[in-house]
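S.K.: Data file final-v5.txt (compact mmCIF, C-alpha atoms) is appended below.
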# COMPACT_ATOMS: atom_id res chain seq x y z
CA MET A 1 -16.23 -18.85 18.80
CA LYS A 2 -17.04 -20.46 15.43
CA LYS A 3 -18.71 -18.32 12.81
CA GLU A 4 -20.59 -19.45 9.75
CA ILE A 5 -19.49 -17.65 6.60
CA THR A 6 -20.85 -17.77 3.08
CA LEU A 7 -18.63 -17.33 0.05
CA ARG A 8 -19.33 -17.31 -3.63
CA LEU A 9 -16.41 -19.60 -4.46
CA ASN A 10 -15.65 -20.21 -8.14
CA GLY A 11 -19.28 -19.53 -8.98
CA TYR A 12 -20.88 -21.65 -6.26
CA GLU A 13 -22.41 -20.48 -3.00
CA THR A 14 -20.46 -22.17 -0.21
CA THR A 15 -21.07 -22.08 3.53
CA VAL A 16 -18.42 -23.08 6.02
CA ALA A 17 -17.87 -22.74 9.79
CA VAL A 18 -14.57 -21.08 10.71
CA GLU A 19 -12.73 -19.88 13.79
CA PRO A 20 -12.06 -16.11 13.62
CA HIS A 21 -8.28 -16.68 13.59
CA GLU A 22 -8.34 -19.11 10.65
CA LYS A 23 -6.69 -17.71 7.55
CA LEU A 24 -8.62 -17.67 4.32
CA LEU A 25 -5.80 -19.71 2.77
CA ASP A 26 -6.17 -22.55 5.29
CA VAL A 27 -9.95 -22.59 4.97
CA LEU A 28 -9.74 -22.74 1.16
CA ARG A 29 -7.18 -25.54 1.19
CA ASP A 30 -8.15 -27.63 4.21
CA LYS A 31 -11.90 -27.13 4.53
CA LEU A 32 -13.01 -26.38 0.98
CA GLY A 33 -10.55 -28.54 -0.99
CA VAL A 34 -9.27 -25.70 -3.17
CA LYS A 35 -5.57 -26.47 -3.46
CA SER A 36 -4.25 -24.03 -6.05
CA PRO A 37 -3.35 -21.23 -3.57
CA LYS A 38 -0.13 -22.19 -1.79
CA TYR A 39 1.43 -21.31 1.54
CA GLY A 40 4.77 -19.67 0.78
CA CYS A 41 6.08 -16.90 3.04
CA GLY A 42 3.03 -16.49 5.27
CA ARG A 43 3.49 -12.70 5.37
CA GLY A 44 2.10 -11.40 2.09
CA GLU A 45 5.37 -11.06 0.26
CA CYS A 46 5.68 -14.04 -2.10
CA GLY A 47 2.22 -14.08 -3.72
CA ALA A 48 1.84 -17.88 -3.83
CA CYS A 49 -1.45 -17.70 -1.88
CA SER A 50 -3.12 -15.15 -4.20
CA VAL A 51 -6.79 -15.43 -5.16
CA LEU A 52 -9.20 -12.98 -6.75
CA LEU A 53 -11.46 -11.40 -4.13
CA ASN A 54 -14.24 -9.47 -5.85
CA GLY A 55 -12.01 -9.37 -8.91
CA LYS A 56 -8.90 -8.07 -7.13
CA SER A 57 -5.88 -10.21 -6.25
CA VAL A 58 -5.33 -10.55 -2.51
CA ARG A 59 -2.99 -12.47 -0.23
CA THR A 60 -5.00 -15.14 1.58
CA CYS A 61 -2.19 -15.89 4.05
CA ILE A 62 -2.67 -12.48 5.67
CA MET A 63 -6.44 -12.44 5.56
CA TYR A 64 -8.84 -14.08 7.97
CA ALA A 65 -11.57 -16.19 6.41
CA VAL A 66 -14.22 -14.23 8.34
CA GLU A 67 -13.19 -11.10 6.43
CA ALA A 68 -14.33 -12.78 3.20
CA ASP A 69 -17.88 -13.45 4.43
CA GLY A 70 -20.41 -12.59 1.72
CA GLN A 71 -17.77 -11.98 -0.94
CA GLU A 72 -16.76 -13.55 -4.23
CA ILE A 73 -13.60 -15.61 -4.57
CA VAL A 74 -12.10 -16.99 -7.77
CA THR A 75 -9.09 -19.31 -7.77
CA VAL A 76 -7.31 -21.05 -10.63
CA GLU A 77 -9.83 -23.90 -10.27
CA GLY A 78 -12.55 -21.40 -11.15
CA LEU A 79 -10.67 -19.81 -14.04
CA GLU A 80 -10.19 -23.17 -15.76
CA GLN A 81 -13.70 -24.54 -15.25
CA ASP A 82 -14.19 -24.61 -19.02
CA GLY A 83 -10.68 -25.76 -19.85
CA LEU A 84 -7.32 -24.03 -19.71
CA THR A 85 -7.43 -20.27 -20.28
CA PRO A 86 -5.43 -18.71 -23.14
CA LEU A 87 -3.05 -17.36 -20.49
CA GLN A 88 -2.44 -20.83 -19.05
CA LYS A 89 -1.88 -22.22 -22.54
CA SER A 90 0.64 -19.48 -23.24
CA PHE A 91 2.50 -20.32 -20.00
CA LEU A 92 2.58 -23.98 -21.07
CA SER A 93 3.91 -23.26 -24.53
CA HIS A 94 6.65 -21.02 -23.10
CA ASN A 95 7.67 -23.53 -20.40
CA SER A 96 7.14 -20.67 -17.99
CA PHE A 97 7.21 -22.76 -14.84
CA GLN A 98 9.51 -25.44 -13.50
CA CYS A 99 8.35 -26.58 -10.06
CA GLY A 100 5.04 -24.73 -10.47
CA PHE A 101 4.63 -23.62 -6.86
CA CYS A 102 4.35 -19.93 -7.81
CA ALA A 103 2.24 -20.63 -10.91
CA PRO A 104 -1.27 -20.24 -9.43
CA GLY A 105 -0.32 -16.89 -7.88
CA ILE A 106 1.20 -15.63 -11.10
CA ILE A 107 -1.86 -16.78 -13.06
CA ILE A 108 -4.07 -14.84 -10.64
CA SER A 109 -1.94 -11.67 -10.85
CA ALA A 110 -1.67 -11.79 -14.64
CA THR A 111 -5.39 -12.53 -15.03
CA GLU A 112 -6.24 -9.50 -12.89
CA LEU A 113 -3.94 -7.33 -15.02
CA LEU A 114 -5.35 -8.54 -18.34
CA ILE A 115 -8.96 -7.97 -17.27
CA SER A 116 -8.36 -4.24 -16.75
CA ASN A 117 -5.57 -3.83 -19.31
CA PRO A 118 -5.65 -6.36 -22.18
CA HIS A 119 -2.57 -4.89 -23.89
CA PRO A 120 -0.08 -3.98 -21.17
CA GLY A 121 3.49 -2.97 -21.87
CA GLU A 122 6.32 -5.10 -20.54
CA GLU A 123 6.91 -2.72 -17.61
CA GLU A 124 3.25 -2.97 -16.62
CA ILE A 125 3.47 -6.77 -16.78
CA ARG A 126 6.59 -6.80 -14.61
CA GLU A 127 4.95 -4.46 -12.08
CA ALA A 128 1.79 -6.63 -11.97
CA ILE A 129 3.78 -9.75 -11.07
CA ALA A 130 6.42 -7.98 -8.94
CA GLY A 131 4.77 -9.41 -5.84
CA ASN A 132 4.99 -13.01 -7.07
CA LEU A 133 8.29 -14.66 -6.27
CA CYS A 134 9.57 -17.50 -8.48
CA ARG A 135 12.73 -19.35 -7.50
CA CYS A 136 13.10 -21.51 -10.63
CA THR A 137 12.86 -19.76 -13.92
CA GLY A 138 13.90 -16.16 -13.34
CA TYR A 139 10.71 -14.56 -14.68
CA GLY A 140 11.89 -14.17 -18.30
CA SER A 141 9.76 -17.02 -19.62
CA VAL A 142 6.80 -15.86 -17.50
CA VAL A 143 6.95 -12.35 -18.97
CA ASP A 144 7.47 -13.75 -22.48
CA ALA A 145 4.30 -15.83 -22.20
CA ILE A 146 2.20 -12.84 -21.13
CA VAL A 147 3.72 -10.55 -23.77
CA ASP A 148 3.17 -13.17 -26.45
CA LEU A 149 -0.47 -13.65 -25.48
CA THR A 150 -1.23 -9.91 -25.44
CA ARG A 151 0.30 -9.55 -28.92
CA ARG A 152 -1.77 -12.42 -30.33
CA GLU A 153 -5.12 -11.43 -28.83
CA MET B 1 -2.44 -20.22 17.86
CA LYS B 2 -4.20 -17.81 20.15
CA THR B 3 -7.71 -17.09 19.02
CA PHE B 4 -9.89 -14.01 19.31
CA ASP B 5 -13.44 -12.88 18.79
CA TYR B 6 -14.25 -10.98 15.63
CA PHE B 7 -16.67 -8.09 15.21
CA LYS B 8 -17.57 -6.17 12.08
CA PRO B 9 -19.53 -3.08 13.14
CA SER B 10 -21.51 -1.26 10.48
CA THR B 11 -21.29 2.19 12.08
CA LEU B 12 -18.55 4.28 13.63
CA VAL B 13 -20.53 4.59 16.87
CA GLU B 14 -20.81 0.82 17.12
CA ALA B 15 -17.05 0.51 16.59
CA LEU B 16 -16.33 3.09 19.31
CA ASP B 17 -18.75 1.31 21.68
CA LEU B 18 -17.01 -2.02 21.09
CA TYR B 19 -13.65 -0.47 21.93
CA GLU B 20 -15.17 1.15 25.02
CA LYS B 21 -16.29 -2.31 26.12
CA TYR B 22 -13.06 -4.24 25.45
CA GLY B 23 -10.41 -1.52 25.69
CA SER B 24 -6.82 -2.58 25.16
CA LEU B 25 -7.88 -6.22 24.67
CA ALA B 26 -9.18 -5.11 21.27
CA GLN B 27 -7.45 -4.11 18.04
CA PHE B 28 -8.92 -2.32 15.05
CA LEU B 29 -8.48 -4.16 11.74
CA MET B 30 -8.54 -2.57 8.30
CA GLY B 31 -6.53 -4.07 5.39
CA GLY B 32 -4.65 -6.35 7.76
CA THR B 33 -1.44 -6.34 5.74
CA ASP B 34 0.51 -5.18 8.81
CA LEU B 35 -1.76 -6.25 11.66
CA VAL B 36 -2.20 -9.89 10.63
CA VAL B 37 1.57 -10.30 10.26
CA ASN B 38 2.07 -8.66 13.66
CA ILE B 39 -0.47 -11.03 15.24
CA ASP B 40 1.27 -14.02 13.60
CA ASN B 41 4.58 -12.79 15.03
CA SER B 42 3.00 -12.31 18.50
CA LEU B 43 3.87 -8.60 18.47
CA VAL B 44 0.23 -8.00 19.37
CA ALA B 45 -2.18 -10.53 20.83
CA PRO B 46 -5.71 -9.11 20.78
CA ASP B 47 -8.65 -10.95 22.34
CA TYR B 48 -11.04 -9.02 20.11
CA LEU B 49 -10.66 -7.84 16.53
CA ILE B 50 -12.88 -4.98 15.43
CA ASP B 51 -12.97 -4.99 11.63
CA LEU B 52 -13.70 -1.45 10.42
CA LYS B 53 -14.26 -2.39 6.76
CA GLY B 54 -18.02 -2.53 7.29
CA VAL B 55 -18.42 1.19 8.08
CA PRO B 56 -19.77 2.65 4.79
CA GLU B 57 -18.45 6.21 5.20
CA PHE B 58 -14.86 4.92 5.47
CA SER B 59 -14.86 4.04 1.76
CA ARG B 60 -15.41 7.67 0.70
CA LEU B 61 -12.89 9.14 -1.74
CA GLN B 62 -14.15 12.49 -2.99
CA LEU B 63 -13.44 16.16 -3.49
CA ALA B 64 -15.41 18.25 -1.01
CA GLY B 65 -14.92 22.02 -1.14
CA SER B 66 -11.21 22.72 -1.18
CA TYR B 67 -10.26 19.29 0.16
CA LEU B 68 -9.92 15.74 -1.03
CA GLU B 69 -11.40 13.42 1.58
CA ILE B 70 -9.90 9.95 1.81
CA GLY B 71 -11.79 7.56 4.08
CA ALA B 72 -10.07 5.08 6.35
CA SER B 73 -10.82 2.01 4.23
CA VAL B 74 -9.58 3.48 0.93
CA THR B 75 -6.83 1.22 -0.41
CA PHE B 76 -3.66 2.18 -2.24
CA SER B 77 -5.07 0.57 -5.39
CA GLU B 78 -8.09 2.87 -5.16
CA LEU B 79 -5.77 5.89 -4.81
CA VAL B 80 -3.74 4.77 -7.82
CA GLU B 81 -6.93 4.43 -9.88
CA SER B 82 -8.41 7.76 -8.73
CA SER B 83 -8.29 10.59 -11.25
CA ALA B 84 -8.76 13.13 -8.42
CA VAL B 85 -5.58 11.84 -6.78
CA ARG B 86 -3.67 11.67 -10.04
CA ASP B 87 -4.74 15.15 -11.20
CA HIS B 88 -4.54 17.13 -7.96
CA PHE B 89 -2.13 15.16 -5.75
CA PRO B 90 0.24 13.43 -8.17
CA VAL B 91 2.94 13.12 -5.51
CA LEU B 92 0.60 10.90 -3.46
CA TRP B 93 -0.27 9.02 -6.63
CA GLU B 94 3.43 8.38 -7.31
CA ALA B 95 4.03 7.26 -3.72
CA SER B 96 0.97 4.98 -3.68
CA ARG B 97 2.22 3.15 -6.76
CA THR B 98 5.41 2.16 -4.93
CA VAL B 99 3.74 0.55 -1.91
CA ALA B 100 4.61 -3.16 -1.67
CA SER B 101 2.99 -5.06 -4.56
CA ASN B 102 -0.33 -4.92 -6.36
CA GLY B 103 -1.79 -7.76 -4.28
CA VAL B 104 -0.94 -5.87 -1.08
CA ARG B 105 -2.10 -2.49 -2.46
CA ASN B 106 -5.51 -4.09 -3.12
CA ARG B 107 -5.94 -4.50 0.67
CA ALA B 108 -3.57 -2.03 2.35
CA THR B 109 -5.02 1.37 3.20
CA LEU B 110 -3.51 4.85 3.36
CA VAL B 111 -4.82 5.35 6.89
CA GLY B 112 -3.45 1.97 7.96
CA ASN B 113 -0.07 2.92 6.50
CA ILE B 114 0.23 6.02 8.69
CA CYS B 115 -1.23 4.29 11.77
CA SER B 116 1.45 1.58 11.47
CA ALA B 117 3.90 4.51 11.49
CA VAL B 118 6.99 2.70 10.28
CA PRO B 119 9.70 5.24 9.39
CA SER B 120 9.76 4.03 5.76
CA ALA B 121 5.98 4.35 5.18
CA ASP B 122 5.76 5.28 1.50
CA SER B 123 2.77 7.54 1.87
CA ALA B 124 4.18 9.64 4.71
CA PRO B 125 6.59 11.96 2.84
CA ALA B 126 3.88 12.66 0.24
CA LEU B 127 1.31 13.46 2.95
CA LEU B 128 3.86 15.68 4.73
CA VAL B 129 4.55 17.86 1.69
CA LEU B 130 0.81 18.00 0.92
CA GLN B 131 0.14 19.20 4.50
CA ALA B 132 -2.46 16.50 5.07
CA LEU B 133 -4.88 16.61 7.98
CA VAL B 134 -5.58 13.42 9.94
CA VAL B 135 -9.18 13.14 11.11
CA VAL B 136 -9.48 11.32 14.43
CA GLN B 137 -12.64 10.30 16.26
CA ASN B 138 -13.16 8.95 19.75
CA ARG B 139 -16.13 8.90 22.11
CA ALA B 140 -15.40 12.44 23.25
CA GLY B 141 -15.56 13.84 19.72
CA ALA B 142 -13.61 14.46 16.53
CA ARG B 143 -10.34 16.31 16.03
CA GLU B 144 -8.01 17.09 13.13
CA LEU B 145 -4.24 16.90 13.36
CA PRO B 146 -1.64 18.13 10.90
CA ILE B 147 0.27 15.09 9.62
CA ALA B 148 3.51 16.77 10.76
CA ASP B 149 2.34 16.34 14.38
CA PHE B 150 1.08 12.78 13.93
CA PHE B 151 4.23 10.63 14.09
CA LEU B 152 6.22 10.29 17.31
CA GLY B 153 8.76 7.59 16.48
CA PRO B 154 9.06 4.09 15.04
CA ARG B 155 5.55 2.58 15.15
CA ARG B 156 4.43 5.36 17.50
CA THR B 157 1.85 8.07 16.86
CA VAL B 158 -0.06 10.60 18.92
CA LEU B 159 -3.14 8.34 18.85
CA VAL B 160 -4.40 7.20 22.25
CA PRO B 161 -6.48 4.09 23.02
CA GLY B 162 -10.01 4.53 21.75
CA ASP B 163 -9.03 6.80 18.84
CA ILE B 164 -10.07 5.81 15.33
CA VAL B 165 -8.54 7.61 12.35
CA THR B 166 -11.60 8.02 10.15
CA GLY B 167 -9.81 9.59 7.21
CA ILE B 168 -7.32 12.02 5.71
CA ARG B 169 -8.13 15.47 4.31
CA LEU B 170 -5.83 16.94 1.68
CA PRO B 171 -6.05 20.68 0.97
CA LEU B 172 -6.25 21.27 -2.79
CA PRO B 173 -2.99 22.81 -3.98
CA PRO B 174 -2.96 26.01 -6.07
CA ALA B 175 -3.31 25.55 -9.81
CA SER B 176 0.39 25.84 -10.46
CA PHE B 177 2.69 23.43 -8.63
CA GLY B 178 5.29 20.74 -9.21
CA SER B 179 5.94 17.72 -7.02
CA SER B 180 7.70 14.39 -7.05
CA TYR B 181 8.25 11.27 -4.98
CA ILE B 182 11.35 9.12 -5.25
CA LYS B 183 11.79 5.77 -3.53
CA MET B 184 15.17 4.11 -3.48
CA GLY B 185 15.08 0.39 -2.75
CA ARG B 186 17.47 -2.49 -3.17
CA TYR B 187 15.58 -3.49 -6.31
CA ASP B 188 12.41 -2.52 -8.17
CA GLY B 189 9.49 -4.36 -6.67
CA GLU B 190 8.03 -4.80 -3.27
CA ASP B 191 10.95 -3.88 -0.99
CA LEU B 192 10.76 -1.21 1.70
CA ALA B 193 12.57 2.04 0.97
CA GLN B 194 16.21 2.60 1.85
CA VAL B 195 15.45 6.29 1.44
CA CYS B 196 12.35 8.01 0.14
CA VAL B 197 11.85 11.70 -0.51
CA ALA B 198 8.97 13.90 -1.59
CA THR B 199 9.19 17.52 -2.68
CA PHE B 200 6.59 20.10 -3.59
CA VAL B 201 7.10 23.56 -5.11
CA ASN B 202 4.60 26.17 -6.25
CA ASP B 203 4.72 29.30 -8.35
CA GLU B 204 4.94 31.53 -5.27
CA GLY B 205 8.35 30.07 -4.50
CA ALA B 206 7.26 27.85 -1.62
CA VAL B 207 9.26 24.64 -1.25
CA ARG B 208 8.36 21.66 0.92
CA ILE B 209 10.61 18.63 1.49
CA ALA B 210 10.01 15.40 3.39
CA PHE B 211 12.06 12.24 3.90
CA GLY B 212 11.19 8.69 4.90
CA ALA B 213 13.34 5.81 6.20
CA VAL B 214 16.14 8.12 7.37
CA ALA B 215 14.92 9.19 10.83
CA PRO B 216 12.89 7.59 13.65
CA LYS B 217 9.81 8.96 11.91
CA PRO B 218 8.99 10.52 8.53
CA VAL B 219 10.29 14.12 8.68
CA ARG B 220 10.03 17.49 6.99
CA ALA B 221 13.35 19.21 6.23
CA TYR B 222 12.32 22.66 7.47
CA GLU B 223 15.75 24.26 7.48
CA ALA B 224 16.41 23.36 3.84
CA GLU B 225 12.87 24.51 2.95
CA GLU B 226 13.45 27.90 4.56
CA PHE B 227 16.70 28.33 2.66
CA LEU B 228 15.05 27.42 -0.66
CA ASN B 229 11.83 29.40 -0.24
CA GLY B 230 11.63 32.11 -2.88
CA LYS B 231 14.87 31.09 -4.60
CA VAL B 232 15.35 29.95 -8.18
CA LEU B 233 16.28 26.28 -7.84
CA ALA B 234 19.55 26.45 -9.76
CA GLU B 235 22.17 23.73 -9.35
CA GLY B 236 24.33 25.79 -7.00
CA VAL B 237 21.36 26.52 -4.77
CA LEU B 238 20.42 22.83 -4.66
CA GLU B 239 23.99 21.95 -3.60
CA GLN B 240 23.75 24.41 -0.73
CA ALA B 241 20.42 22.95 0.37
CA VAL B 242 21.79 19.42 0.78
CA PRO B 243 23.81 19.94 4.00
CA LEU B 244 20.86 21.84 5.49
CA ALA B 245 18.53 18.93 4.70
CA MET B 246 21.01 16.50 6.29
CA LYS B 247 20.46 18.28 9.61
CA SER B 248 16.85 17.06 9.61
CA ILE B 249 17.67 13.37 9.21
CA SER B 250 19.49 10.80 11.34
CA PRO B 251 19.55 7.49 9.47
CA ILE B 252 20.57 4.16 10.98
CA SER B 253 22.32 1.17 9.45
CA ASP B 254 20.16 -1.89 8.95
CA VAL B 255 19.75 -4.83 6.59
CA ARG B 256 18.69 -2.53 3.74
CA ALA B 257 21.50 0.06 3.81
CA SER B 258 24.22 1.59 5.94
CA LYS B 259 23.84 4.94 7.64
CA GLU B 260 26.55 6.43 5.39
CA TYR B 261 24.85 5.19 2.22
CA ARG B 262 21.50 6.56 3.35
CA LEU B 263 23.02 9.98 4.09
CA HIS B 264 24.67 10.14 0.69
CA ILE B 265 21.62 8.91 -1.22
CA SER B 266 19.35 11.33 0.65
CA GLY B 267 21.31 14.24 -0.80
CA VAL B 268 21.33 12.75 -4.30
CA LEU B 269 17.60 12.03 -4.26
CA LEU B 270 16.74 15.42 -2.78
CA LYS B 271 18.43 17.17 -5.70
CA ARG B 272 16.78 14.87 -8.26
CA SER B 273 13.38 15.34 -6.68
CA LEU B 274 13.72 19.13 -6.55
CA ARG B 275 14.87 19.21 -10.18
CA ALA B 276 11.85 17.13 -11.22
CA SER B 277 9.38 19.17 -9.16
CA SER B 278 10.78 22.44 -10.44
CA SER B 279 10.67 21.23 -14.04
CA ARG B 280 7.09 20.00 -13.58
CA LEU B 281 6.12 23.39 -12.14
CA GLN B 282 7.31 24.89 -15.43
CA GLY B 283 5.11 22.46 -17.33
CA LYS B 284 8.02 20.33 -18.51
CA GLY B 285 8.75 16.68 -17.85
CA PRO B 286 9.51 14.20 -16.48
CA GLU B 287 5.99 12.84 -16.67
CA TYR B 288 4.42 11.83 -13.36
CA GLY B 289 5.00 8.15 -12.66
CA MET B 290 8.35 7.96 -14.45
CA SER B 291 11.18 6.45 -12.44
CA LEU B 292 13.51 9.16 -11.13
CA VAL B 293 15.97 6.74 -9.49
Once more with this new file: its structure as structure tokens, please.

M.R.:
Amino acid sequence: MKKEITLRLNGYETTVAVEPHEKLLDVLRDKLGVKSPKYGCGRGECGACSVLLNGKSVRTCIMYAVEADGQEIVTVEGLEQDGLTPLQKSFLSHNSFQCGFCAPGIIISATELLISNPHPGEEEIREAIAGNLCRCTGYGSVVDAIVDLTRRE
Amino acid sequence: MKTFDYFKPSTLVEALDLYEKYGSLAQFLMGGTDLVVNIDNSLVAPDYLIDLKGVPEFSRLQLAGSYLEIGASVTFSELVESSAVRDHFPVLWEASRTVASNGVRNRATLVGNICSAVPSADSAPALLVLQALVVVQNRAGARELPIADFFLGPRRTVLVPGDIVTGIRLPLPPASFGSSYIKMGRYDGEDLAQVCVATFVNDEGAVRIAFGAVAPKPVRAYEAEEFLNGKVLAEGVLEQAVPLAMKSISPISDVRASKEYRLHISGVLLKRSLRASSSRLQGKGPEYGMSLV
């Protein structure tokens, strides 16, 4: 039984018809054209599908789209509407990502952290991204980029 | 992919009525961090999902009289950010911080964690030493169960079809207490525990101990508690308590650790946790939240 849901997606009111069993991730990617969240593990462990739901990072692979009805979603596409964010620029200048598959999830997790805690310690940074798995770079350059940004700003 | 119908009732009565109508064809949904994975793995195949996140009273997190009331939709992130939890129930605060990862804690609920009833549930040892009460509602009425009577075995609880756990009530501890939670995993991060232990001591000499991931369900170590009650927790006394605590646990070997390793680590962590709790009771460190592994 299809249900019509309304999201505030990256600042715009969006209405879409979904089946109750459709994951939020699939609806974002396949019906709404938002491609930054990725399908990784499909069980909430790797963090590649993260988006901000009402300002909090959530795993869209283990969430049904109907659960998001009436709520606010921000993805990387929304964060960079006015150009790359300082966090993204810091990741670029530190060569933090290689294949980039985990990057949107890490940007979401780090953005959430910096909103509530603009000057986190390294342990807090590592804890904030502990649920984002990267198989290329080994996290060092990711942490460096966040640390560097929080020292500059 | 099998589909289902989705309901989001806005009152408890409506939720109970929906379950009455659909019975075992329905499942209650809260954070979904366990249930959605279980549906994907065909461990459960509901025809109807009843999402309880729309019931306003489930989001309550407040001190009421001599209890802290934690509603069924309160997430681990909300517990971590709560000063009432941090100030009065720091052992639950410490345990909540170790649950999975931040992105999961933003959805996963305390009540969901105990209803899933996996033996390694991070919150369970903390709730056991805090003597939590589980508030259950069904169409016949409400009842409260001590958390120690709640778990039956792996993924099994005393709940019967039609029950909804509406919240947890935590009795406020006396002014002077010390407590600690230690989770041992294969690495820091989002892994499940190989062993987890919580201890609680107060200035009247009472000692409470609970383990997770080392028995078919989270357990209290009553025999060790009885031995330690009223004693000064000196090193020799702690050594003597270890074999008594081992009688309460029966770990298995699995992908995370062998039975022998779990037994050994349980003793090591028990002593560390008791040392930390006892030191905190005396107003000394280690600070709450510091790694004790």

S.K.: Do you know which residues are at most 8 Å from Val51 (chain A) counting all atoms listed in the file, after dropping those on the same chain fewer than 2 positions away, and could you put them as a PyMOL selection string?

M.R.: chain A and resi 37+49+53+56-60+73-76+105+108

S.K.: CA of Leu263 (chain B) and CA of Val195 (chain B) are how many Å apart?

M.R.: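 Separating CA of Leu263 (chain B) from CA of Val195 (chain B) is a distance of 8.8 Å.
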
S.K.: Which value, in Å to one decimal, gives the distance between CA of Pro86 (chain A) and CA of Asp188 (chain B)?

M.R.: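 Computed distance, CA of Pro86 (chain A) to CA of Asp188 (chain B), equals 28.4 Å.
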
S.K.: Considering all atoms listed in the file, tabulate each residue of chain B that lies at most 6 Å from chain A along with its nearest interatomic pair and the corresponding distance in Å to one decimal; arrange the rows by chain and ascending residue number and present them as JSON lines.

M.R.:
{"residue": "B:Thr3", "atom": "CA", "partner": "A:His21", "partner_atom": "CA", "distance": 5.5}
{"residue": "B:Tyr6", "atom": "CA", "partner": "A:Pro20", "partner_atom": "CA", "distance": 5.9}
{"residue": "B:Val36", "atom": "CA", "partner": "A:Ile62", "partner_atom": "CA", "distance": 5.6}
{"residue": "B:Val37", "atom": "CA", "partner": "A:Arg43", "partner_atom": "CA", "distance": 5.8}
{"residue": "B:Ser101", "atom": "CA", "partner": "A:Gly131", "partner_atom": "CA", "distance": 4.9}
{"residue": "B:Gly103", "atom": "CA", "partner": "A:Val58", "partner_atom": "CA", "distance": 4.8}
{"residue": "B:Gly189", "atom": "CA", "partner": "A:Ala130", "partner_atom": "CA", "distance": 5.3}

S.K.: Taking only C-alpha atoms into account, which of A:Gly83, A:Gly70, A:Gly121, A:Gly100 comes nearest Thr137 (chain A)?

M.R.: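 Among A:Gly83, A:Gly70, A:Gly121, A:Gly100, it is A:Gly100 that comes nearest to Thr137 (chain A).
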
S.K.: Please measure the separation of CA of Ala126 (chain B) and CA of Ile209 (chain B), giving the value in Å to one decimal.

M.R.: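 Distance reported for this atom pair: 9.1 Å.
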
S.K.: Need the axis-aligned box for region 236-252 of chain B with 3 Å each side, so what are the centre and edges in Å to one decimal, as JSON?

M.R.:
{"center_x": 20.6, "center_y": 15.3, "center_z": 2.2, "size_x": 13.5, "size_y": 28.4, "size_z": 24.3}

S.K.: Which one of B:Ala193, B:Ile265, B:Ala276, B:Val293 sits closest to Gly178 (chain B) if you count only C-alpha atoms?

M.R.: B:Ala276

S.K.: Can you pull out the residues contacting Val118 (chain B)? Cut-off 6 Å, using only C-alpha atoms, and skip same-chain residues under 2 positions away; I want them as an MDAnalysis selection string.

M.R.: chainID B and resid 116 120:121 154:155

S.K.: Which neighbours of Pro174 (chain B) fall inside 10 Å, counting only C-alpha atoms, when residues of the same chain fewer than 6 positions from it are skipped, and could you give them as a VMD selection string?

M.R.: chain B and resid 88 202 to 204

S.K.: Would you list the contacts of Val147 (chain A) as a list of chain:residue names, taking every protein, DNA or RNA residue within 7 Å and counting all atoms listed in the file, but skipping same-chain residues closer than 4 positions in sequence?

M.R.: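 In the requested format, the answer is A:Glu122, A:Val143, A:Arg151.
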
S.K.: Could I get region 46-56 of chain A rebuilt with N, CA and C atoms, written as a short mmCIF file (atom, residue, chain, number, x, y, z; two decimals), in the coordinates of the input?

M.R.:
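Listed below is the output, result-v3.cif:
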data_model
loop_
_atom_site.label_atom_id
_atom_site.label_comp_id
_atom_site.auth_asym_id
_atom_site.auth_seq_id
_atom_site.Cartn_x
_atom_site.Cartn_y
_atom_site.Cartn_z
N CYS A 46 5.27 -13.19 -0.98
CA CYS A 46 5.68 -14.04 -2.10
C CYS A 46 4.57 -14.24 -3.13
N GLY A 47 3.31 -14.03 -2.75
CA GLY A 47 2.22 -14.08 -3.72
C GLY A 47 1.69 -15.46 -4.05
N ALA A 48 2.25 -16.53 -3.46
CA ALA A 48 1.84 -17.88 -3.83
C ALA A 48 0.40 -18.18 -3.41
N CYS A 49 -0.11 -17.43 -2.42
CA CYS A 49 -1.45 -17.70 -1.88
C CYS A 49 -2.53 -16.83 -2.53
N SER A 50 -2.19 -16.13 -3.63
CA SER A 50 -3.12 -15.15 -4.20
C SER A 50 -4.40 -15.78 -4.74
N VAL A 51 -5.52 -15.10 -4.51
CA VAL A 51 -6.79 -15.43 -5.16
C VAL A 51 -7.42 -14.11 -5.60
N LEU A 52 -8.45 -14.19 -6.41
CA LEU A 52 -9.20 -12.98 -6.75
C LEU A 52 -10.36 -12.84 -5.76
N LEU A 53 -10.38 -11.71 -5.05
CA LEU A 53 -11.46 -11.40 -4.13
C LEU A 53 -12.23 -10.24 -4.75
N ASN A 54 -13.47 -10.48 -5.13
CA ASN A 54 -14.24 -9.47 -5.85
C ASN A 54 -13.45 -8.90 -7.03
N GLY A 55 -12.73 -9.77 -7.71
CA GLY A 55 -12.01 -9.37 -8.91
C GLY A 55 -10.62 -8.81 -8.70
N LYS A 56 -10.21 -8.64 -7.43
CA LYS A 56 -8.90 -8.07 -7.13
C LYS A 56 -8.02 -9.14 -6.48
#
